[in-house]
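So the structure is just underneath, and the comments pick up after that.
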Amino acid sequence: MVAAARENTQFSPAAAEQMEKIVFDLGRMYQERNEALQEVARAHHEALFLLSMAAEYKDGDTGIHIVRIGFLAEALALFLGEPKDYALMLRKAAPMHDIGKIGIPDDVLKKPGAFTPQERATMNQHSAIGADILGKSRIALFQMAAEIALAHHERWDGKGYPNQLAGPAIPLSGRIVSIVDFYDALTMDRVYRPAFSHEKALEMLLAERGKAFDPDIVDCFLRNSPAISALREQVTAGRMAFADLINHKQDAP
């Protein structure tokens, strides 16, 4: 009786082969699904990156600025001891920090002189606009990008915008990107002034330590400024673009 029951629970060779085929097909379908989702996410990322570039062009920049922001933010995160996965996501998310400028009228965005209080209020809306654009996605990358867009103009002393966050209440991603954005913007030519030297930019960064910027992150940036400056030049000389943000292998510091 026991032997008969055991016999009934055994698969025939044909049934076992069919089961293996079903498992294989399910595995292949799962892999194809993941690849399709990755491709959709990549297409979404590329579209938003191009929209970010459009915002930069509206502001008179060349577009290489936002690529450098990605690589410099990743490097600074690694120097701070953050995990590689976090730093890589930051590299991909940081270039979208000013995407909200796409929603700012040109007469404000391109104004050569000082803003009126009303114009300043309009300009400051770009953080919330960017967060709204990016935050509609459930993908982790775009959630981080939305966080950065909203937080990168907050100040350590609480005098920033849009939410007057202070100290560690500002997300780490925003604190990192605000520093690399400040440094890179100072060391590039603008329509209203020539680029500052690396040394002058570091001096200006140090002056904002504990005011606009997290003092610990400023100290980390200054300690590693030769490597950060060299990376900036490498990205510029290599004319790196979106594909490099996705595929480039960065050595850990």
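Just remember, in the structure tokens the first chain shown is A, the second B, etc., residues are 1-based per chain, and ligands are 1-based in the order shown.
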Long-range neighbours of Glu82 in chain A as number ranges by chain, 12 Å cut-off, only C-alpha atoms, 6 positions minimum in chain: A: 73-76, 88-90, 172-173, 176, 217, 252-253
For Gly158 in chain A: contacts at 12 Å, only C-alpha atoms, fewer than 6 positions along chain excluded, given as a ChimeraX atom specification: /A:151,164-170,210-214
Output N, CA and C atoms of each residue in that selection to a file, as a PDB file, in the first residue's frame.
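Result file is result08.pdb:
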ATOM      1  N   ALA A 151      15.269  70.338  -2.347  1.00  0.00           N
ATOM      2  CA  ALA A 151      16.116  70.656  -1.189  1.00  0.00           C
ATOM      3  C   ALA A 151      17.416  71.388  -1.500  1.00  0.00           C
ATOM      4  N   GLN A 164      12.583  76.446   4.217  1.00  0.00           N
ATOM      5  CA  GLN A 164      13.409  76.950   5.326  1.00  0.00           C
ATOM      6  C   GLN A 164      13.857  75.821   6.265  1.00  0.00           C
ATOM      7  N   LEU A 165      14.225  74.690   5.670  1.00  0.00           N
ATOM      8  CA  LEU A 165      14.781  73.600   6.467  1.00  0.00           C
ATOM      9  C   LEU A 165      16.162  74.008   6.963  1.00  0.00           C
ATOM     10  N   ALA A 166      16.592  73.424   8.087  1.00  0.00           N
ATOM     11  CA  ALA A 166      17.889  73.763   8.660  1.00  0.00           C
ATOM     12  C   ALA A 166      18.632  72.506   9.070  1.00  0.00           C
ATOM     13  N   GLY A 167      19.959  72.588   9.033  1.00  0.00           N
ATOM     14  CA  GLY A 167      20.802  71.504   9.526  1.00  0.00           C
ATOM     15  C   GLY A 167      20.476  70.164   8.901  1.00  0.00           C
ATOM     16  N   PRO A 168      20.548  69.094   9.708  1.00  0.00           N
ATOM     17  CA  PRO A 168      20.330  67.751   9.183  1.00  0.00           C
ATOM     18  C   PRO A 168      18.895  67.476   8.743  1.00  0.00           C
ATOM     19  N   ALA A 169      17.977  68.414   8.960  1.00  0.00           N
ATOM     20  CA  ALA A 169      16.620  68.250   8.423  1.00  0.00           C
ATOM     21  C   ALA A 169      16.627  68.329   6.893  1.00  0.00           C
ATOM     22  N   ILE A 170      17.668  68.936   6.334  1.00  0.00           N
ATOM     23  CA  ILE A 170      17.816  68.977   4.872  1.00  0.00           C
ATOM     24  C   ILE A 170      18.308  67.600   4.423  1.00  0.00           C
ATOM     25  N   GLY A 210      28.821  76.234   7.445  1.00  0.00           N
ATOM     26  CA  GLY A 210      27.959  76.438   8.600  1.00  0.00           C
ATOM     27  C   GLY A 210      26.890  77.500   8.392  1.00  0.00           C
ATOM     28  N   LYS A 211      26.910  78.153   7.244  1.00  0.00           N
ATOM     29  CA  LYS A 211      25.877  79.146   6.907  1.00  0.00           C
ATOM     30  C   LYS A 211      24.958  78.531   5.850  1.00  0.00           C
ATOM     31  N   ALA A 212      25.433  78.549   4.604  1.00  0.00           N
ATOM     32  CA  ALA A 212      24.640  77.915   3.545  1.00  0.00           C
ATOM     33  C   ALA A 212      24.810  76.400   3.556  1.00  0.00           C
ATOM     34  N   PHE A 213      26.013  75.931   3.945  1.00  0.00           N
ATOM     35  CA  PHE A 213      26.357  74.531   3.718  1.00  0.00           C
ATOM     36  C   PHE A 213      26.716  73.768   4.994  1.00  0.00           C
ATOM     37  N   ASP A 214      26.442  72.479   4.955  1.00  0.00           N
ATOM     38  CA  ASP A 214      26.777  71.543   6.025  1.00  0.00           C
ATOM     39  C   ASP A 214      28.286  71.606   6.271  1.00  0.00           C
TER      40      ASP A 214
END
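For the pair CA of Asp98 in chain A and CA of Phe142 in chain A, the separation is 13.3 Å.
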So, counting only C-alpha atoms, which residue among A:Met96, A:Ile228, A:Leu186, A:Leu109 is closest to Leu134 in chain A? A:Met96
Write out as a list in words the set of residues from range 16-249 of chain A that DSSP, computed on the backbone, places in strand (DSSP E or B).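 Matching residues for strand (DSSP E or B) in range 16-249 of chain A are Arg190, Arg193, Arg209 and Phe213 of chain A.
Atom pair CA of Met204 in chain A / CA of Phe79 in chain A: separated by 20.7 Å.
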What is the distance, in Å and to one decimal place, between CA of Asp216 in chain A and CA of Phe196 in chain A? 23.5 Å
Which residues, written as an mmCIF file with all heavy atoms, in the first residue's frame, have at least one atom at most 9 Å from Ile69 in chain A, with only C-alpha atoms counted and residues fewer than 3 positions away on the same chain left out?
data_model
loop_
_atom_site.group_PDB
_atom_site.id
_atom_site.type_symbol
_atom_site.label_atom_id
_atom_site.label_comp_id
_atom_site.auth_asym_id
_atom_site.auth_seq_id
_atom_site.Cartn_x
_atom_site.Cartn_y
_atom_site.Cartn_z
ATOM 1 N N ILE A 64 26.978 70.830 -20.135
ATOM 2 C CA ILE A 64 28.020 70.025 -19.487
ATOM 3 C C ILE A 64 27.982 70.236 -17.972
ATOM 4 O O ILE A 64 28.383 69.362 -17.200
ATOM 5 C CB ILE A 64 29.421 70.383 -20.059
ATOM 6 C CG1 ILE A 64 30.502 69.407 -19.578
ATOM 7 C CG2 ILE A 64 29.798 71.809 -19.705
ATOM 8 C CD1 ILE A 64 30.318 67.995 -20.050
ATOM 9 N N HIS A 65 27.470 71.381 -17.547
ATOM 10 C CA HIS A 65 27.363 71.670 -16.105
ATOM 11 C C HIS A 65 26.572 70.569 -15.390
ATOM 12 O O HIS A 65 27.003 70.078 -14.339
ATOM 13 C CB HIS A 65 26.691 73.028 -15.913
ATOM 14 C CG HIS A 65 26.265 73.328 -14.511
ATOM 15 N ND1 HIS A 65 27.157 73.484 -13.469
ATOM 16 C CD2 HIS A 65 25.024 73.505 -13.967
ATOM 17 C CE1 HIS A 65 26.497 73.759 -12.359
ATOM 18 N NE2 HIS A 65 25.199 73.769 -12.627
ATOM 19 N N ILE A 66 25.435 70.164 -15.942
ATOM 20 C CA ILE A 66 24.614 69.193 -15.221
ATOM 21 C C ILE A 66 25.243 67.800 -15.239
ATOM 22 O O ILE A 66 25.029 67.008 -14.324
ATOM 23 C CB ILE A 66 23.158 69.160 -15.742
ATOM 24 C CG1 ILE A 66 23.082 68.769 -17.215
ATOM 25 C CG2 ILE A 66 22.468 70.479 -15.487
ATOM 26 C CD1 ILE A 66 21.648 68.595 -17.709
ATOM 27 N N LEU A 72 30.413 64.844 -9.863
ATOM 28 C CA LEU A 72 30.972 65.431 -8.641
ATOM 29 C C LEU A 72 30.151 65.039 -7.416
ATOM 30 O O LEU A 72 30.722 64.794 -6.337
ATOM 31 C CB LEU A 72 31.036 66.955 -8.765
ATOM 32 C CG LEU A 72 31.941 67.523 -9.859
ATOM 33 C CD1 LEU A 72 31.999 69.047 -9.775
ATOM 34 C CD2 LEU A 72 33.341 66.943 -9.799
ATOM 35 N N ALA A 73 28.833 64.964 -7.560
ATOM 36 C CA ALA A 73 27.997 64.553 -6.431
ATOM 37 C C ALA A 73 28.303 63.108 -6.040
ATOM 38 O O ALA A 73 28.383 62.777 -4.842
ATOM 39 C CB ALA A 73 26.519 64.705 -6.794
ATOM 40 N N GLU A 74 28.466 62.241 -7.037
ATOM 41 C CA GLU A 74 28.820 60.854 -6.744
ATOM 42 C C GLU A 74 30.156 60.780 -6.007
ATOM 43 O O GLU A 74 30.282 60.071 -4.992
ATOM 44 C CB GLU A 74 28.910 60.056 -8.047
ATOM 45 C CG GLU A 74 29.357 58.612 -7.837
ATOM 46 C CD GLU A 74 29.669 57.896 -9.136
ATOM 47 O OE1 GLU A 74 30.073 58.554 -10.115
ATOM 48 O OE2 GLU A 74 29.517 56.663 -9.176
ATOM 49 N N ARG A 91 24.514 60.175 -8.655
ATOM 50 C CA ARG A 91 25.101 60.608 -9.920
ATOM 51 C C ARG A 91 24.035 60.784 -11.000
ATOM 52 O O ARG A 91 24.038 61.751 -11.760
ATOM 53 C CB ARG A 91 26.127 59.593 -10.410
ATOM 54 C CG ARG A 91 26.796 60.010 -11.742
ATOM 55 C CD ARG A 91 27.063 58.832 -12.671
ATOM 56 N NE ARG A 91 28.171 58.021 -12.225
ATOM 57 C CZ ARG A 91 28.648 56.986 -12.937
ATOM 58 N NH1 ARG A 91 28.099 56.654 -14.093
ATOM 59 N NH2 ARG A 91 29.640 56.260 -12.472
ATOM 60 N N ALA A 94 21.244 63.742 -9.597
ATOM 61 C CA ALA A 94 21.675 65.124 -9.377
ATOM 62 C C ALA A 94 21.546 66.021 -10.608
ATOM 63 O O ALA A 94 21.206 67.205 -10.464
ATOM 64 C CB ALA A 94 23.115 65.143 -8.858
ATOM 65 N N PRO A 95 21.820 65.517 -11.823
ATOM 66 C CA PRO A 95 21.703 66.408 -12.988
ATOM 67 C C PRO A 95 20.308 66.980 -13.199
ATOM 68 O O PRO A 95 20.153 67.961 -13.935
ATOM 69 C CB PRO A 95 22.102 65.498 -14.163
ATOM 70 C CG PRO A 95 23.017 64.493 -13.552
ATOM 71 C CD PRO A 95 22.420 64.224 -12.204
ATOM 72 N N VAL A 177 24.455 68.032 -3.214
ATOM 73 C CA VAL A 177 24.302 68.673 -4.522
ATOM 74 C C VAL A 177 24.444 70.187 -4.413
ATOM 75 O O VAL A 177 25.022 70.828 -5.306
ATOM 76 C CB VAL A 177 22.962 68.272 -5.173
ATOM 77 C CG1 VAL A 177 22.689 69.099 -6.430
ATOM 78 C CG2 VAL A 177 22.972 66.790 -5.520
ATOM 79 N N VAL A 180 28.295 70.908 -4.575
ATOM 80 C CA VAL A 180 28.958 70.707 -5.867
ATOM 81 C C VAL A 180 28.402 71.665 -6.918
ATOM 82 O O VAL A 180 29.134 72.117 -7.815
ATOM 83 C CB VAL A 180 28.878 69.239 -6.334
ATOM 84 C CG1 VAL A 180 29.597 68.325 -5.344
ATOM 85 C CG2 VAL A 180 27.458 68.769 -6.549
ATOM 86 N N ASP A 181 27.116 72.006 -6.808
ATOM 87 C CA ASP A 181 26.525 72.975 -7.734
ATOM 88 C C ASP A 181 27.168 74.352 -7.530
ATOM 89 O O ASP A 181 27.504 75.048 -8.500
ATOM 90 C CB ASP A 181 25.017 73.040 -7.494
ATOM 91 C CG ASP A 181 24.279 73.904 -8.501
ATOM 92 O OD1 ASP A 181 24.732 74.005 -9.657
ATOM 93 O OD2 ASP A 181 23.232 74.474 -8.136
ATOM 94 N N ASP A 184 30.843 74.175 -8.891
ATOM 95 C CA ASP A 184 30.941 74.079 -10.352
ATOM 96 C C ASP A 184 30.476 75.366 -11.016
ATOM 97 O O ASP A 184 31.056 75.808 -12.012
ATOM 98 C CB ASP A 184 30.126 72.899 -10.870
ATOM 99 C CG ASP A 184 30.443 72.595 -12.319
ATOM 100 O OD1 ASP A 184 31.544 72.054 -12.568
ATOM 101 O OD2 ASP A 184 29.622 72.906 -13.206
ATOM 102 N N ARG A 232 36.472 67.050 -12.295
ATOM 103 C CA ARG A 232 35.747 68.073 -13.061
ATOM 104 C C ARG A 232 36.402 68.289 -14.417
ATOM 105 O O ARG A 232 35.722 68.365 -15.449
ATOM 106 C CB ARG A 232 35.715 69.387 -12.273
ATOM 107 C CG ARG A 232 34.900 70.475 -12.940
ATOM 108 C CD ARG A 232 35.020 71.797 -12.190
ATOM 109 N NE ARG A 232 34.133 72.799 -12.766
ATOM 110 C CZ ARG A 232 34.424 73.502 -13.861
ATOM 111 N NH1 ARG A 232 35.579 73.308 -14.503
ATOM 112 N NH2 ARG A 232 33.550 74.382 -14.339
#
Could you give me, as a ChimeraX atom specification, the residues within 7 Å of range 121-130 of chain A, counting only C-alpha atoms and dropping anything in the same chain fewer than 2 positions from it? /A:98-101,103-104,108-109,117-119,132-134,146,149-150
May I have the residues from that selection written out with N, CA, C and O atoms, as a PDB file, in the first residue's frame?
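Once everything was written out, this is result28.pdb:
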ATOM      1  N   ASP A  98      17.823  71.164 -11.362  1.00  0.00           N
ATOM      2  CA  ASP A  98      17.220  72.433 -11.780  1.00  0.00           C
ATOM      3  C   ASP A  98      16.187  72.263 -12.887  1.00  0.00           C
ATOM      4  O   ASP A  98      15.901  73.219 -13.618  1.00  0.00           O
ATOM      5  N   ILE A  99      15.635  71.078 -13.010  1.00  0.00           N
ATOM      6  CA  ILE A  99      14.674  70.821 -14.084  1.00  0.00           C
ATOM      7  C   ILE A  99      13.477  71.774 -14.010  1.00  0.00           C
ATOM      8  O   ILE A  99      12.861  72.112 -15.027  1.00  0.00           O
ATOM      9  N   GLY A 100      13.166  72.263 -12.825  1.00  0.00           N
ATOM     10  CA  GLY A 100      12.032  73.163 -12.657  1.00  0.00           C
ATOM     11  C   GLY A 100      12.199  74.508 -13.345  1.00  0.00           C
ATOM     12  O   GLY A 100      11.214  75.231 -13.547  1.00  0.00           O
ATOM     13  N   LYS A 101      13.426  74.850 -13.757  1.00  0.00           N
ATOM     14  CA  LYS A 101      13.633  76.106 -14.473  1.00  0.00           C
ATOM     15  C   LYS A 101      12.875  76.126 -15.795  1.00  0.00           C
ATOM     16  O   LYS A 101      12.639  77.204 -16.359  1.00  0.00           O
ATOM     17  N   GLY A 103       9.946  75.759 -16.142  1.00  0.00           N
ATOM     18  CA  GLY A 103       8.666  76.411 -15.909  1.00  0.00           C
ATOM     19  C   GLY A 103       8.763  77.876 -15.529  1.00  0.00           C
ATOM     20  O   GLY A 103       7.742  78.498 -15.205  1.00  0.00           O
ATOM     21  N   ILE A 104       9.977  78.445 -15.569  1.00  0.00           N
ATOM     22  CA  ILE A 104      10.166  79.851 -15.206  1.00  0.00           C
ATOM     23  C   ILE A 104      10.167  80.712 -16.474  1.00  0.00           C
ATOM     24  O   ILE A 104      10.875  80.410 -17.435  1.00  0.00           O
ATOM     25  N   VAL A 108      12.218  86.402 -16.574  1.00  0.00           N
ATOM     26  CA  VAL A 108      12.790  86.299 -15.229  1.00  0.00           C
ATOM     27  C   VAL A 108      14.086  85.501 -15.277  1.00  0.00           C
ATOM     28  O   VAL A 108      15.127  85.944 -14.770  1.00  0.00           O
ATOM     29  N   LEU A 109      14.029  84.335 -15.903  1.00  0.00           N
ATOM     30  CA  LEU A 109      15.178  83.436 -15.913  1.00  0.00           C
ATOM     31  C   LEU A 109      16.412  84.077 -16.553  1.00  0.00           C
ATOM     32  O   LEU A 109      17.538  83.881 -16.090  1.00  0.00           O
ATOM     33  N   PRO A 117      11.644  91.808  -5.766  1.00  0.00           N
ATOM     34  CA  PRO A 117      11.127  90.785  -4.841  1.00  0.00           C
ATOM     35  C   PRO A 117      10.139  89.830  -5.513  1.00  0.00           C
ATOM     36  O   PRO A 117      10.159  88.623  -5.244  1.00  0.00           O
ATOM     37  N   GLN A 118       9.293  90.337  -6.394  1.00  0.00           N
ATOM     38  CA  GLN A 118       8.324  89.480  -7.076  1.00  0.00           C
ATOM     39  C   GLN A 118       9.024  88.519  -8.031  1.00  0.00           C
ATOM     40  O   GLN A 118       8.670  87.339  -8.121  1.00  0.00           O
ATOM     41  N   GLU A 119      10.038  89.016  -8.754  1.00  0.00           N
ATOM     42  CA  GLU A 119      10.800  88.151  -9.676  1.00  0.00           C
ATOM     43  C   GLU A 119      11.568  87.088  -8.902  1.00  0.00           C
ATOM     44  O   GLU A 119      11.657  85.935  -9.343  1.00  0.00           O
ATOM     45  N   ASP A 132       7.745  68.661  -8.333  1.00  0.00           N
ATOM     46  CA  ASP A 132       6.439  68.215  -8.807  1.00  0.00           C
ATOM     47  C   ASP A 132       6.579  67.381 -10.076  1.00  0.00           C
ATOM     48  O   ASP A 132       5.926  66.339 -10.225  1.00  0.00           O
ATOM     49  N   ILE A 133       7.438  67.816 -10.994  1.00  0.00           N
ATOM     50  CA  ILE A 133       7.662  67.065 -12.238  1.00  0.00           C
ATOM     51  C   ILE A 133       8.219  65.682 -11.926  1.00  0.00           C
ATOM     52  O   ILE A 133       7.745  64.668 -12.437  1.00  0.00           O
ATOM     53  N   LEU A 134       9.242  65.641 -11.091  1.00  0.00           N
ATOM     54  CA  LEU A 134       9.959  64.390 -10.826  1.00  0.00           C
ATOM     55  C   LEU A 134       9.223  63.479  -9.855  1.00  0.00           C
ATOM     56  O   LEU A 134       9.325  62.260  -9.945  1.00  0.00           O
ATOM     57  N   ALA A 146      13.573  64.196  -7.197  1.00  0.00           N
ATOM     58  CA  ALA A 146      12.578  65.138  -6.685  1.00  0.00           C
ATOM     59  C   ALA A 146      13.034  65.715  -5.348  1.00  0.00           C
ATOM     60  O   ALA A 146      12.881  66.921  -5.077  1.00  0.00           O
ATOM     61  N   ALA A 149      15.732  68.260  -6.103  1.00  0.00           N
ATOM     62  CA  ALA A 149      15.166  69.475  -6.696  1.00  0.00           C
ATOM     63  C   ALA A 149      14.557  70.367  -5.626  1.00  0.00           C
ATOM     64  O   ALA A 149      14.724  71.595  -5.651  1.00  0.00           O
ATOM     65  N   LEU A 150      13.877  69.755  -4.676  1.00  0.00           N
ATOM     66  CA  LEU A 150      13.200  70.520  -3.633  1.00  0.00           C
ATOM     67  C   LEU A 150      14.163  71.062  -2.582  1.00  0.00           C
ATOM     68  O   LEU A 150      13.924  72.129  -2.009  1.00  0.00           O
TER      69      LEU A 150
END
Pull the helix (DSSP H, G or I) assignments for range 81-249 of chain A out of DSSP run on the backbone, and list those residues as a VMD selection string. chain A and resid 84 to 96 99 to 103 106 to 109 117 to 124 126 to 134 140 to 151 167 to 169 172 to 186 198 to 207 215 to 223 225 to 237 242 to 247
Selection: 9 Å around Asp219 in chain A, only C-alpha atoms, excl. self and same-chain fewer than 5 positions, as a compact mmCIF listing (two decimals) with N, CA and C atoms, in the first residue's frame:
# COMPACT_ATOMS: atom_id res chain seq x y z
N LEU A 206 34.38 77.97 1.68
CA LEU A 206 34.72 77.97 3.10
C LEU A 206 33.98 79.08 3.84
N ARG A 209 30.67 77.93 5.05
CA ARG A 209 30.66 76.76 5.93
C ARG A 209 29.82 77.06 7.17
N ASP A 214 26.44 72.48 4.96
CA ASP A 214 26.78 71.54 6.02
C ASP A 214 28.29 71.61 6.27
N ASN A 224 39.33 66.84 -0.10
CA ASN A 224 39.44 66.06 -1.34
C ASN A 224 39.35 66.93 -2.59
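Among the candidates A:Arg68, A:Pro13, A:Leu51, A:Glu46, the one nearest to Leu231 in chain A when counting only C-alpha atoms is A:Arg68.
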